[in-house]
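Asker: My structure is in target_6.cif, and what it holds is mmCIF, C-alpha atoms:
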data_input
loop_
_atom_site.label_atom_id
_atom_site.label_comp_id
_atom_site.auth_asym_id
_atom_site.auth_seq_id
_atom_site.Cartn_x
_atom_site.Cartn_y
_atom_site.Cartn_z
CA MET C 1452 -39.74 149.51 163.11
CA ARG C 1453 -40.97 145.99 162.31
CA ILE C 1454 -38.82 143.13 163.56
CA LEU C 1455 -38.83 139.40 162.81
CA GLY C 1456 -37.73 137.44 165.89
CA ILE C 1457 -36.31 133.91 165.88
CA GLU C 1458 -35.83 131.71 168.97
CA THR C 1459 -34.07 128.33 168.69
CA SER C 1460 -31.97 128.05 171.85
CA CYS C 1461 -33.22 124.63 172.94
CA ASP C 1462 -36.24 122.50 172.00
CA GLU C 1463 -38.78 125.06 170.77
CA THR C 1464 -38.84 126.93 167.47
CA GLY C 1465 -40.38 130.34 168.08
CA ILE C 1466 -41.09 132.97 165.42
CA ALA C 1467 -42.74 136.38 165.87
CA ILE C 1468 -43.15 139.79 164.28
CA TYR C 1469 -43.13 142.84 166.56
CA ASP C 1470 -43.81 146.43 165.50
CA ASP C 1471 -42.70 149.26 167.80
CA LYS C 1472 -45.89 151.20 167.00
CA GLN C 1473 -48.49 148.43 166.69
CA GLY C 1474 -47.05 145.88 169.13
CA LEU C 1475 -47.00 142.14 168.54
CA LEU C 1476 -48.47 141.37 165.11
CA ALA C 1477 -48.14 137.58 165.01
CA HIS C 1478 -46.27 134.73 166.61
CA ASP C 1479 -46.12 130.96 166.46
CA LEU C 1480 -44.30 128.17 168.23
CA TYR C 1481 -43.38 124.59 167.51
CA SER C 1482 -42.54 122.55 170.60
CA GLN C 1483 -40.40 119.41 170.47
CA VAL C 1484 -41.63 118.07 173.81
CA GLU C 1485 -43.02 114.88 172.25
CA VAL C 1486 -39.75 114.30 170.38
CA HIS C 1487 -37.67 114.34 173.56
CA ALA C 1488 -40.20 112.92 176.04
CA GLU C 1489 -39.15 109.29 175.51
CA TYR C 1490 -35.57 110.23 176.43
CA GLY C 1491 -36.56 112.12 179.59
CA GLY C 1492 -34.77 115.26 178.44
CA VAL C 1493 -33.56 117.22 175.43
CA VAL C 1494 -31.31 115.40 172.93
CA PRO C 1495 -29.25 118.21 171.33
CA GLU C 1496 -28.77 116.59 167.92
CA LEU C 1497 -32.48 115.85 167.55
CA ALA C 1498 -33.30 119.40 168.61
CA SER C 1499 -31.04 120.90 165.94
CA ARG C 1500 -32.47 118.70 163.19
CA ASP C 1501 -36.03 119.57 164.13
CA HIS C 1502 -35.27 123.30 164.06
CA VAL C 1503 -33.91 122.89 160.53
CA THR C 1504 -37.15 121.37 159.25
CA LYS C 1505 -39.56 123.69 161.08
CA ILE C 1506 -38.00 127.16 161.00
CA LEU C 1507 -38.68 128.27 157.42
CA PRO C 1508 -42.31 127.04 157.29
CA LEU C 1509 -42.95 128.85 160.58
CA ILE C 1510 -41.42 132.07 159.27
CA LYS C 1511 -43.64 131.92 156.18
CA LYS C 1512 -46.70 131.25 158.34
CA VAL C 1513 -46.01 134.14 160.73
CA LEU C 1514 -45.41 136.55 157.86
CA LEU C 1515 -48.76 135.50 156.42
CA ASP C 1516 -50.50 135.78 159.81
CA ALA C 1517 -49.10 139.28 160.26
CA ASN C 1518 -50.10 140.26 156.72
CA THR C 1519 -46.47 141.31 156.26
CA SER C 1520 -44.14 140.86 153.30
CA PRO C 1521 -40.36 140.56 153.63
CA LYS C 1522 -40.08 144.08 152.18
CA GLU C 1523 -41.87 145.40 155.28
CA ILE C 1524 -39.39 143.83 157.70
CA ASP C 1525 -36.94 146.42 159.07
CA GLY C 1526 -34.69 144.11 161.05
CA LEU C 1527 -34.00 140.57 162.27
CA ALA C 1528 -33.41 139.41 165.85
CA TYR C 1529 -32.31 135.89 166.72
CA THR C 1530 -31.09 134.15 169.84
CA THR C 1531 -27.31 133.72 169.92
CA GLY C 1532 -26.97 132.36 173.45
CA PRO C 1533 -26.98 130.91 175.94
CA GLY C 1534 -28.29 127.52 174.81
CA LEU C 1535 -27.45 124.42 172.78
CA ILE C 1536 -24.83 125.36 170.21
CA GLY C 1537 -26.36 123.36 167.35
CA ALA C 1538 -29.84 124.73 167.98
CA LEU C 1539 -28.50 128.27 168.26
CA MET C 1540 -26.64 127.89 164.97
CA VAL C 1541 -29.84 127.07 163.11
CA GLY C 1542 -31.69 130.22 164.16
CA ALA C 1543 -28.63 132.46 163.83
CA CYS C 1544 -27.74 131.21 160.35
CA VAL C 1545 -31.28 131.63 159.08
CA GLY C 1546 -31.72 135.03 160.73
CA ARG C 1547 -28.37 136.37 159.52
CA SER C 1548 -28.97 135.05 155.99
CA LEU C 1549 -32.45 136.55 155.72
CA ALA C 1550 -31.17 139.89 156.97
CA TYR C 1551 -28.45 139.87 154.32
CA ALA C 1552 -30.91 138.89 151.58
CA TRP C 1553 -33.48 141.50 152.68
CA LYS C 1554 -30.78 144.18 153.22
CA VAL C 1555 -31.79 144.97 156.81
CA PRO C 1556 -29.81 145.02 160.07
CA ALA C 1557 -29.72 142.01 162.36
CA ILE C 1558 -28.81 141.47 165.99
CA GLY C 1559 -28.16 138.48 168.21
CA ILE C 1560 -30.16 138.47 171.45
CA HIS C 1561 -29.37 137.01 174.85
CA HIS C 1562 -31.97 134.33 175.56
CA MET C 1563 -32.48 135.33 179.18
CA GLU C 1564 -32.72 139.02 178.30
CA GLY C 1565 -35.63 137.98 176.10
CA HIS C 1566 -37.29 136.28 179.07
CA LEU C 1567 -36.53 139.23 181.33
CA LEU C 1568 -38.25 141.65 178.94
CA ALA C 1569 -41.19 139.36 178.05
CA PRO C 1570 -43.52 141.01 180.64
CA MET C 1571 -43.10 144.24 178.64
CA LEU C 1572 -45.37 142.65 176.02
CA GLU C 1573 -48.32 142.88 178.42
CA ASP C 1574 -50.72 145.80 178.84
CA THR C 1575 -49.51 146.26 182.41
CA TYR C 1576 -45.73 146.16 182.54
CA PRO C 1577 -43.04 147.20 185.03
CA GLU C 1578 -41.12 150.45 184.88
CA PHE C 1579 -37.37 150.44 185.42
CA PRO C 1580 -35.73 149.78 187.80
CA PHE C 1581 -36.87 146.41 189.17
CA VAL C 1582 -35.62 143.07 190.44
CA ALA C 1583 -36.00 140.10 188.11
CA LEU C 1584 -36.16 136.45 189.07
CA LEU C 1585 -35.03 134.49 186.03
CA VAL C 1586 -36.07 130.93 186.66
CA SER C 1587 -35.93 128.20 184.03
CA GLY C 1588 -34.43 124.83 183.21
CA GLY C 1589 -30.98 126.32 182.78
CA HIS C 1590 -30.99 129.41 184.98
CA THR C 1591 -32.01 130.59 188.42
CA GLN C 1592 -30.86 134.16 188.95
CA LEU C 1593 -31.86 137.30 190.79
CA VAL C 1594 -30.95 140.36 188.76
CA GLU C 1595 -31.20 144.07 189.51
CA VAL C 1596 -32.44 145.68 186.30
CA LYS C 1597 -31.88 149.41 185.84
CA ASN C 1598 -32.58 149.50 182.10
CA VAL C 1599 -32.26 147.31 179.02
CA GLY C 1600 -28.74 145.92 179.15
CA VAL C 1601 -27.97 147.35 182.59
CA TYR C 1602 -28.03 144.23 184.74
CA HIS C 1603 -26.40 143.39 188.06
CA ILE C 1604 -26.54 139.78 189.23
CA LEU C 1605 -27.56 139.63 192.88
CA GLY C 1606 -27.54 135.85 193.23
CA GLU C 1607 -27.70 132.65 191.21
CA SER C 1608 -27.81 128.89 191.55
CA LEU C 1609 -24.57 127.23 192.57
CA ASP C 1610 -25.64 123.92 191.02
CA ASP C 1611 -28.90 122.88 189.33
CA ALA C 1612 -31.39 125.52 188.25
CA ALA C 1613 -34.91 125.29 189.67
CA GLY C 1614 -36.35 124.01 186.39
CA GLU C 1615 -33.70 121.32 186.18
CA ALA C 1616 -34.50 120.29 189.77
CA PHE C 1617 -38.18 119.97 188.80
CA ASP C 1618 -37.24 117.74 185.85
CA LYS C 1619 -35.03 115.48 187.96
CA ALA C 1620 -37.55 115.21 190.79
CA ALA C 1621 -40.24 114.33 188.25
CA LYS C 1622 -38.03 111.56 186.89
CA MET C 1623 -37.63 110.18 190.43
CA LEU C 1624 -41.43 110.11 190.67
CA ASP C 1625 -41.71 108.42 187.27
CA LEU C 1626 -43.56 111.41 185.78
CA ASP C 1627 -43.50 112.62 182.22
CA TYR C 1628 -41.11 115.21 180.78
CA PRO C 1629 -41.09 118.20 181.19
CA GLY C 1630 -41.10 117.83 184.95
CA GLY C 1631 -42.37 121.21 186.11
CA PRO C 1632 -45.94 120.92 184.81
CA ALA C 1633 -46.07 117.22 185.74
CA ILE C 1634 -45.10 117.85 189.38
CA ALA C 1635 -47.47 120.84 189.63
CA GLU C 1636 -50.36 118.71 188.38
CA LEU C 1637 -49.60 115.83 190.77
CA ALA C 1638 -49.09 118.27 193.67
CA LYS C 1639 -52.73 119.37 193.35
CA LYS C 1640 -53.68 115.99 194.86
CA GLY C 1641 -51.12 116.26 197.65
CA VAL C 1642 -51.78 116.93 201.32
CA ALA C 1643 -49.97 119.84 202.93
CA GLY C 1644 -47.91 119.10 206.03
CA ARG C 1645 -47.33 115.38 205.65
CA PHE C 1646 -43.76 115.98 204.49
CA LYS C 1647 -41.54 118.93 205.33
CA PHE C 1648 -38.75 119.43 202.81
CA PRO C 1649 -35.75 121.72 203.46
CA ARG C 1650 -35.49 125.26 202.10
CA PRO C 1651 -31.89 125.30 200.82
CA MET C 1652 -29.56 128.13 201.84
CA ILE C 1653 -32.24 130.37 203.36
CA ASN C 1654 -30.32 130.52 206.64
CA ARG C 1655 -27.18 131.78 204.90
CA SER C 1656 -26.55 135.39 204.03
CA GLY C 1657 -26.61 136.27 200.36
CA LEU C 1658 -28.95 135.57 197.48
CA ASP C 1659 -27.49 132.43 195.87
CA PHE C 1660 -29.49 129.24 195.38
CA SER C 1661 -28.76 125.52 195.63
CA PHE C 1662 -31.20 122.74 194.77
CA SER C 1663 -28.92 119.67 194.76
CA GLY C 1664 -29.57 118.91 198.44
CA LEU C 1665 -33.32 119.21 197.92
CA LYS C 1666 -33.11 116.66 195.10
CA THR C 1667 -31.24 114.25 197.36
CA PHE C 1668 -33.80 114.74 200.14
CA THR C 1669 -36.59 114.02 197.64
CA LEU C 1670 -34.91 110.83 196.45
CA ASN C 1671 -34.33 109.61 200.02
CA THR C 1672 -37.98 110.31 200.89
CA ILE C 1673 -39.16 108.27 197.90
CA ILE C 1674 -36.80 105.40 198.75
CA SER C 1675 -37.89 105.35 202.39
CA HIS C 1676 -41.53 104.85 201.35
CA ARG C 1677 -40.94 102.14 198.77
CA MET C 1678 -42.16 98.61 199.31
CA ASP C 1679 -40.36 95.75 197.57
CA ASN C 1680 -38.56 98.28 195.34
CA ILE C 1681 -41.90 99.57 194.01
CA LEU C 1682 -42.73 103.28 193.99
CA PRO C 1683 -44.85 104.54 196.91
CA ASP C 1684 -48.64 104.58 196.66
CA ASP C 1685 -50.37 107.32 194.65
CA GLN C 1686 -51.22 109.52 197.62
CA THR C 1687 -47.68 109.38 198.97
CA MET C 1688 -46.35 110.31 195.54
CA ALA C 1689 -48.73 113.29 195.42
CA ASP C 1690 -47.73 114.36 198.94
CA ILE C 1691 -44.04 114.22 197.98
CA ALA C 1692 -44.73 116.29 194.85
CA TYR C 1693 -46.60 118.84 196.97
CA ALA C 1694 -43.75 119.08 199.48
CA PHE C 1695 -41.13 119.43 196.76
CA GLU C 1696 -43.01 122.16 194.90
CA ASP C 1697 -43.72 123.94 198.18
CA ALA C 1698 -40.03 123.90 199.11
CA VAL C 1699 -38.91 125.33 195.76
CA VAL C 1700 -41.58 128.03 195.74
CA ASP C 1701 -40.93 129.02 199.36
CA THR C 1702 -37.18 129.22 198.75
CA LEU C 1703 -37.66 131.43 195.70
CA LYS C 1704 -40.09 133.65 197.61
CA ILE C 1705 -37.73 134.15 200.55
CA LYS C 1706 -34.84 135.06 198.26
CA CYS C 1707 -36.96 137.44 196.18
CA ILE C 1708 -38.14 139.39 199.23
CA ARG C 1709 -34.56 139.49 200.48
CA ALA C 1710 -33.42 140.89 197.11
CA LEU C 1711 -36.08 143.60 197.16
CA LYS C 1712 -35.06 144.65 200.65
CA LYS C 1713 -31.40 144.75 199.65
CA THR C 1714 -32.02 146.95 196.61
CA GLY C 1715 -34.81 149.03 198.12
CA LEU C 1716 -37.01 148.28 195.11
CA GLN C 1717 -40.69 147.28 195.17
CA ARG C 1718 -41.18 145.88 191.67
CA LEU C 1719 -40.42 142.22 190.92
CA VAL C 1720 -40.47 140.50 187.54
CA ILE C 1721 -40.51 136.71 187.32
CA ALA C 1722 -39.60 135.24 183.95
CA GLY C 1723 -38.59 131.95 182.37
CA GLY C 1724 -40.32 128.59 182.13
CA VAL C 1725 -40.82 128.07 185.87
CA SER C 1726 -42.59 131.44 186.10
CA ALA C 1727 -45.63 129.66 184.63
CA ASN C 1728 -45.99 127.75 187.90
CA VAL C 1729 -49.31 128.86 189.39
CA ARG C 1730 -48.29 128.39 193.02
CA LEU C 1731 -45.16 130.49 192.48
CA ARG C 1732 -47.18 133.30 190.90
CA GLU C 1733 -49.80 133.29 193.63
CA THR C 1734 -47.27 133.07 196.45
CA LEU C 1735 -45.16 135.95 195.16
CA ALA C 1736 -48.19 138.13 194.42
CA GLU C 1737 -49.55 137.59 197.93
CA SER C 1738 -46.17 138.09 199.63
CA LEU C 1739 -45.38 141.31 197.76
CA SER C 1740 -48.82 142.79 198.42
CA GLU C 1741 -48.06 142.48 202.13
CA VAL C 1742 -45.00 144.73 201.76
CA ASP C 1743 -46.56 147.18 199.25
CA GLY C 1744 -44.70 145.56 196.37
CA LYS C 1745 -45.92 144.34 193.01
CA VAL C 1746 -45.03 141.36 190.86
CA PHE C 1747 -45.11 141.25 187.05
CA PHE C 1748 -44.97 138.25 184.76
CA ALA C 1749 -45.66 137.36 181.15
CA ARG C 1750 -48.73 135.44 180.04
CA HIS C 1751 -48.25 131.67 180.19
CA GLU C 1752 -47.47 131.27 176.48
CA PHE C 1753 -44.56 133.72 176.82
CA CYS C 1754 -43.08 132.12 179.93
CA THR C 1755 -41.54 129.28 177.94
CA ASP C 1756 -39.21 129.96 175.01
CA ASN C 1757 -40.87 132.03 172.28
CA GLY C 1758 -40.10 134.30 169.36
CA ALA C 1759 -42.10 137.26 170.69
CA MET C 1760 -39.64 137.98 173.48
CA ILE C 1761 -36.71 137.87 171.04
CA ALA C 1762 -38.46 140.17 168.55
CA PHE C 1763 -39.25 142.66 171.33
CA ALA C 1764 -35.73 142.63 172.79
CA GLY C 1765 -34.25 142.94 169.31
CA CYS C 1766 -36.50 145.89 168.52
CA GLN C 1767 -35.27 147.82 171.57
CA ARG C 1768 -31.66 147.43 170.49
CA LEU C 1769 -32.14 147.96 166.77
CA LEU C 1770 -34.09 151.15 167.46
CA VAL C 1771 -30.98 152.75 169.01
CA GLY C 1772 -28.76 151.61 166.15
CA GLN C 1773 -27.19 148.52 167.64
CA HIS C 1774 -26.64 145.64 165.19
CA ASP C 1775 -24.21 142.82 164.47
CA THR C 1776 -21.72 142.31 161.66
CA LEU C 1777 -22.00 139.46 159.16
CA GLU C 1778 -19.81 137.32 161.42
CA LEU C 1779 -21.81 134.84 163.52
CA ASN C 1780 -20.90 134.90 167.20
CA ILE C 1781 -22.70 132.01 168.90
CA LYS C 1782 -22.38 132.02 172.72
CA PRO C 1783 -23.56 128.79 174.42
CA ARG C 1784 -22.42 130.43 177.68
CA TRP C 1785 -23.03 134.16 178.01
CA PRO C 1786 -23.24 136.07 181.32
CA ILE C 1787 -26.21 138.44 181.22
CA ASP C 1788 -24.31 141.16 183.09
CA LYS C 1789 -21.86 141.47 180.18
CA LEU C 1790 -24.43 142.84 177.71
CA GLN C 1791 -24.34 146.30 176.14
CA SER C 1792 -26.73 148.89 177.48
CA LEU C 1793 -28.97 150.76 175.07
CA GLY C 1794 -26.66 153.75 175.34
CA GLU C 1795 -23.61 151.87 174.07
CA GLY C 1796 -22.77 151.69 170.37
#
Render the structure in this file as structure tokens.
Answerer:
Amino acid sequence: MRILGIETSCDETGIAIYDDKQGLLAHDLYSQVEVHAEYGGVVPELASRDHVTKILPLIKKVLLDANTSPKEIDGLAYTTGPGLIGALMVGACVGRSLAYAWKVPAIGIHHMEGHLLAPMLEDTYPEFPFVALLVSGGHTQLVEVKNVGVYHILGESLDDAAGEAFDKAAKMLDLDYPGGPAIAELAKKGVAGRFKFPRPMINRSGLDFSFSGLKTFTLNTIISHRMDNILPDDQTMADIAYAFEDAVVDTLKIKCIRALKKTGLQRLVIAGGVSANVRLRETLAESLSEVDGKVFFARHEFCTDNGAMIAFAGCQRLLVGQHDTLELNIKPRWPIDKLQSLGEG
């Protein structure tokens, strides 16, 4: 089965073609980072308009790259939530329309399920069951994964997601958007130990997260080192970035190990934009090796939003006969534990 995948949940237009026998045939991505950078975050209306202009040219390009004609496409998969409603509408309308025109089935995919399954695109991938850390700008969740669609939420953020905390901390430090890569780059120049930031909620039972207090602590640290209302010197800024990144990574590590112990599992998947963070990858890999566990993650280009993960997830569901009706059902908010399993019609 050959599937065309479309991802337009936020500020990146991702298109891919996945074949269940041959694997990923082609993919491409247009990022709107430069469009939104001057605003310090995503402007929903601008995101929707950009998707409209980029989506069809990208689809044509990916079909050409995959040496595939529309007649060879067996199904369409597109993101229907969660995300920005206008952006989601663009991808869903195009995907549903193409499926109707090409007379093939189509299915709407949960954005975070796409991220969760993205490591399956690699040569070495996890077997079910496993624990997944979904960590992005909009989500921080620990999920027990028994199979595709069989998800149990173990814990989640009670306020800002980790990626959102990175963005806001970066803004405090007057860094560029998106904040995660900017803080990680500045943190390379930081000195360990100068600042000790709190690890939120690690002393409480349970697996929930909270990053609002860490943001406040970061802001207070910056303010306390200002002189004449000017940002601290470059080294102090780097040291603050290091301490902030270290606190987030350490908090995520502690919760992940706690989740593995609770479930009795030894396989961990990290997925979502923040999973591209090098320190997070290295820390989790080292920590799990000490307890005979193993961590899996997608290659960097599939950590952020992309069409490949949607095409793959859609293929798994279309293969067992699941598909949507002609009615569009956009879900800006959509709990991942409410999805159908592969065994459900």
Asker: Record the distance separating CA of Arg1645 in chain C and CA of His1676 in chain C, expressed in Å with one decimal.
Answerer: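 Distance reported for this atom pair: 12.8 Å.
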Asker: Could you write out as a ChimeraX atom specification the residues that the PyMOL selection byres ((chain C and resi 1585-1590) around 8) matches in the shown file?
Answerer: /C:1563,1566-1567,1583-1584,1591-1594,1607-1608,1611-1616,1721-1726
Asker: Neighbouring residues of Glu1564 in chain C were defined as those with any atom within 9 Å, considering only C-alpha atoms; residues of the same chain fewer than 2 positions away were excluded. Please report them as a PDB file with C-alpha atoms, in the frame of the given file.
Answerer:
ATOM      1  CA  ILE C1560     -30.160 138.470 171.450  1.00  0.00           C
ATOM      2  CA  HIS C1561     -29.370 137.010 174.850  1.00  0.00           C
ATOM      3  CA  HIS C1562     -31.970 134.330 175.560  1.00  0.00           C
ATOM      4  CA  HIS C1566     -37.290 136.280 179.070  1.00  0.00           C
ATOM      5  CA  LEU C1567     -36.530 139.230 181.330  1.00  0.00           C
ATOM      6  CA  LEU C1568     -38.250 141.650 178.940  1.00  0.00           C
ATOM      7  CA  ALA C1569     -41.190 139.360 178.050  1.00  0.00           C
ATOM      8  CA  VAL C1599     -32.260 147.310 179.020  1.00  0.00           C
ATOM      9  CA  GLY C1600     -28.740 145.920 179.150  1.00  0.00           C
ATOM     10  CA  MET C1760     -39.640 137.980 173.480  1.00  0.00           C
ATOM     11  CA  ILE C1761     -36.710 137.870 171.040  1.00  0.00           C
ATOM     12  CA  ALA C1764     -35.730 142.630 172.790  1.00  0.00           C
ATOM     13  CA  ILE C1787     -26.210 138.440 181.220  1.00  0.00           C
TER      14      ILE C1787
END
Asker: Restrict the calculation to only C-alpha atoms, then for each residue of range 1683-1705 of chain C with any atom at most 12 Å from an atom of range 1652-1657 of chain C give the closest atom pair and their distance in Å to one decimal, rows by chain and rising residue number, as a Markdown table.
Answerer:
| residue | atom | partner | partner_atom | distance |
| --- | --- | --- | --- | --- |
| C:Ala1698 | CA | C:Ile1653 | CA | 11.0 |
| C:Val1699 | CA | C:Ile1653 | CA | 11.3 |
| C:Asp1701 | CA | C:Ile1653 | CA | 9.7 |
| C:Thr1702 | CA | C:Ile1653 | CA | 6.9 |
| C:Leu1703 | CA | C:Ile1653 | CA | 9.4 |
| C:Lys1704 | CA | C:Ile1653 | CA | 10.3 |
| C:Ile1705 | CA | C:Ile1653 | CA | 7.2 |
Asker: Go ahead and save the picked residues with C-alpha atoms, as a PDB file, in the frame of the given file.
Answerer:
ATOM      1  CA  ALA C1698     -40.030 123.900 199.110  1.00  0.00           C
ATOM      2  CA  VAL C1699     -38.910 125.330 195.760  1.00  0.00           C
ATOM      3  CA  ASP C1701     -40.930 129.020 199.360  1.00  0.00           C
ATOM      4  CA  THR C1702     -37.180 129.220 198.750  1.00  0.00           C
ATOM      5  CA  LEU C1703     -37.660 131.430 195.700  1.00  0.00           C
ATOM      6  CA  LYS C1704     -40.090 133.650 197.610  1.00  0.00           C
ATOM      7  CA  ILE C1705     -37.730 134.150 200.550  1.00  0.00           C
TER       8      ILE C1705
END
Asker: Tell me which residues the PyMOL selection byres ((chain C and resi 1685-1689) around 7) grabs here, as a list in words.
Answerer: Leu1624, Leu1637, Ala1638, Lys1640, Gly1641, Pro1683, Asp1684, Asp1690, Ile1691, Ala1692 and Tyr1693 of chain C
Asker: Sorted by chain and rising residue number, list the residues of range 1549-1620 of chain C at most 10 Å from range 1509-1530 of chain C (counting all atoms listed in the file), each with its closest atom pair and distance in Å to one decimal, as JSON lines.
Answerer:
{"residue": "C:Leu1549", "atom": "CA", "partner": "C:Leu1527", "partner_atom": "CA", "distance": 7.8}
{"residue": "C:Ala1550", "atom": "CA", "partner": "C:Leu1527", "partner_atom": "CA", "distance": 6.0}
{"residue": "C:Tyr1551", "atom": "CA", "partner": "C:Leu1527", "partner_atom": "CA", "distance": 9.7}
{"residue": "C:Ala1552", "atom": "CA", "partner": "C:Pro1521", "partner_atom": "CA", "distance": 9.8}
{"residue": "C:Trp1553", "atom": "CA", "partner": "C:Pro1521", "partner_atom": "CA", "distance": 7.0}
{"residue": "C:Lys1554", "atom": "CA", "partner": "C:Gly1526", "partner_atom": "CA", "distance": 8.8}
{"residue": "C:Val1555", "atom": "CA", "partner": "C:Gly1526", "partner_atom": "CA", "distance": 5.2}
{"residue": "C:Pro1556", "atom": "CA", "partner": "C:Gly1526", "partner_atom": "CA", "distance": 5.1}
{"residue": "C:Ala1557", "atom": "CA", "partner": "C:Leu1527", "partner_atom": "CA", "distance": 4.5}
{"residue": "C:Ile1558", "atom": "CA", "partner": "C:Ala1528", "partner_atom": "CA", "distance": 5.0}
{"residue": "C:Gly1559", "atom": "CA", "partner": "C:Tyr1529", "partner_atom": "CA", "distance": 5.1}
{"residue": "C:Ile1560", "atom": "CA", "partner": "C:Thr1530", "partner_atom": "CA", "distance": 4.7}
{"residue": "C:His1561", "atom": "CA", "partner": "C:Thr1530", "partner_atom": "CA", "distance": 6.0}
{"residue": "C:His1562", "atom": "CA", "partner": "C:Thr1530", "partner_atom": "CA", "distance": 5.8}
{"residue": "C:Met1563", "atom": "CA", "partner": "C:Thr1530", "partner_atom": "CA", "distance": 9.5}
{"residue": "C:Glu1564", "atom": "CA", "partner": "C:Thr1530", "partner_atom": "CA", "distance": 9.9}
{"residue": "C:Gly1565", "atom": "CA", "partner": "C:Thr1530", "partner_atom": "CA", "distance": 8.6}
Asker: Can you list, as a PyMOL selection string, the residues that the PyMOL selection byres ((chain C and resi 1619) around 10) selects here?
Answerer: chain C and resi 1491-1492+1611+1613-1618+1620-1626+1628-1631+1666+1669-1670
Asker: Could you work out how far CA of Val1486 in chain C lies from CA of Gly1542 in chain C, giving the answer in Å with one decimal?
Answerer: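 Between CA of Gly1542 in chain C and CA of Val1486 in chain C the gap works out to 18.9 Å.
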Asker: So the first atom is CA of Ala1538 in chain C and the second is CA of Glu1485 in chain C; what is the distance between them in Å, to one decimal place?
Answerer: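 So the two atoms, CA of Ala1538 in chain C and CA of Glu1485 in chain C, lie 17.0 Å apart.
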Asker: Can you tell me, as an MDAnalysis selection string, what residues are no more than 6 Å from Ile1457 in chain C when counting all atoms listed in the file, ignoring any on the same chain fewer than 3 positions away?
Answerer: chainID C and resid 1465:1466 1529 1758
Asker: Find the spatial neighbours of Phe1579 in chain C, counting all atoms listed in the file, within a cut-off of 9 Å - ignore same-chain residues fewer than 3 positions away - and output them as a VMD selection string.
Answerer: chain C and resid 1596 to 1599 1718
Asker: My list of candidates is C:Ala1694, C:Leu1455, C:Met1678, C:Ala1759. Which is closest to Leu1475 in chain C when distances are computed with all atoms listed in the file?
Answerer: C:Ala1759
Asker: Leaving out Ala1498 in chain C and any residue of its chain fewer than 2 positions from it, which residues lie within 8 Å of it when counting all atoms listed in the file, given as a list of chain:residue names?
Answerer: C:Cys1461, C:Asp1462, C:Gln1483, C:Val1493, C:Val1494, C:Pro1495, C:Glu1496, C:Arg1500, C:Asp1501, C:His1502, C:Ala1538
Asker: Hey, can I get the axis-aligned box for range 1457-1460 of chain C? All listed atoms, 5 Å padding on each side, centre and edge lengths in Å to one decimal, as AutoDock Vina command-line options.
Answerer:
--center_x -34.1 --center_y 131.0 --center_z 168.9 --size_x 14.3 --size_y 15.9 --size_z 16.0
Asker: Which residues, written as a ChimeraX atom specification, have at least one atom at most 12 Å from Lys1712 in chain C, with only C-alpha atoms counted and residues fewer than 3 positions away on the same chain left out?
Answerer: /C:1581-1582,1595,1605,1657-1658,1705-1709,1715-1719,1739,1742-1744
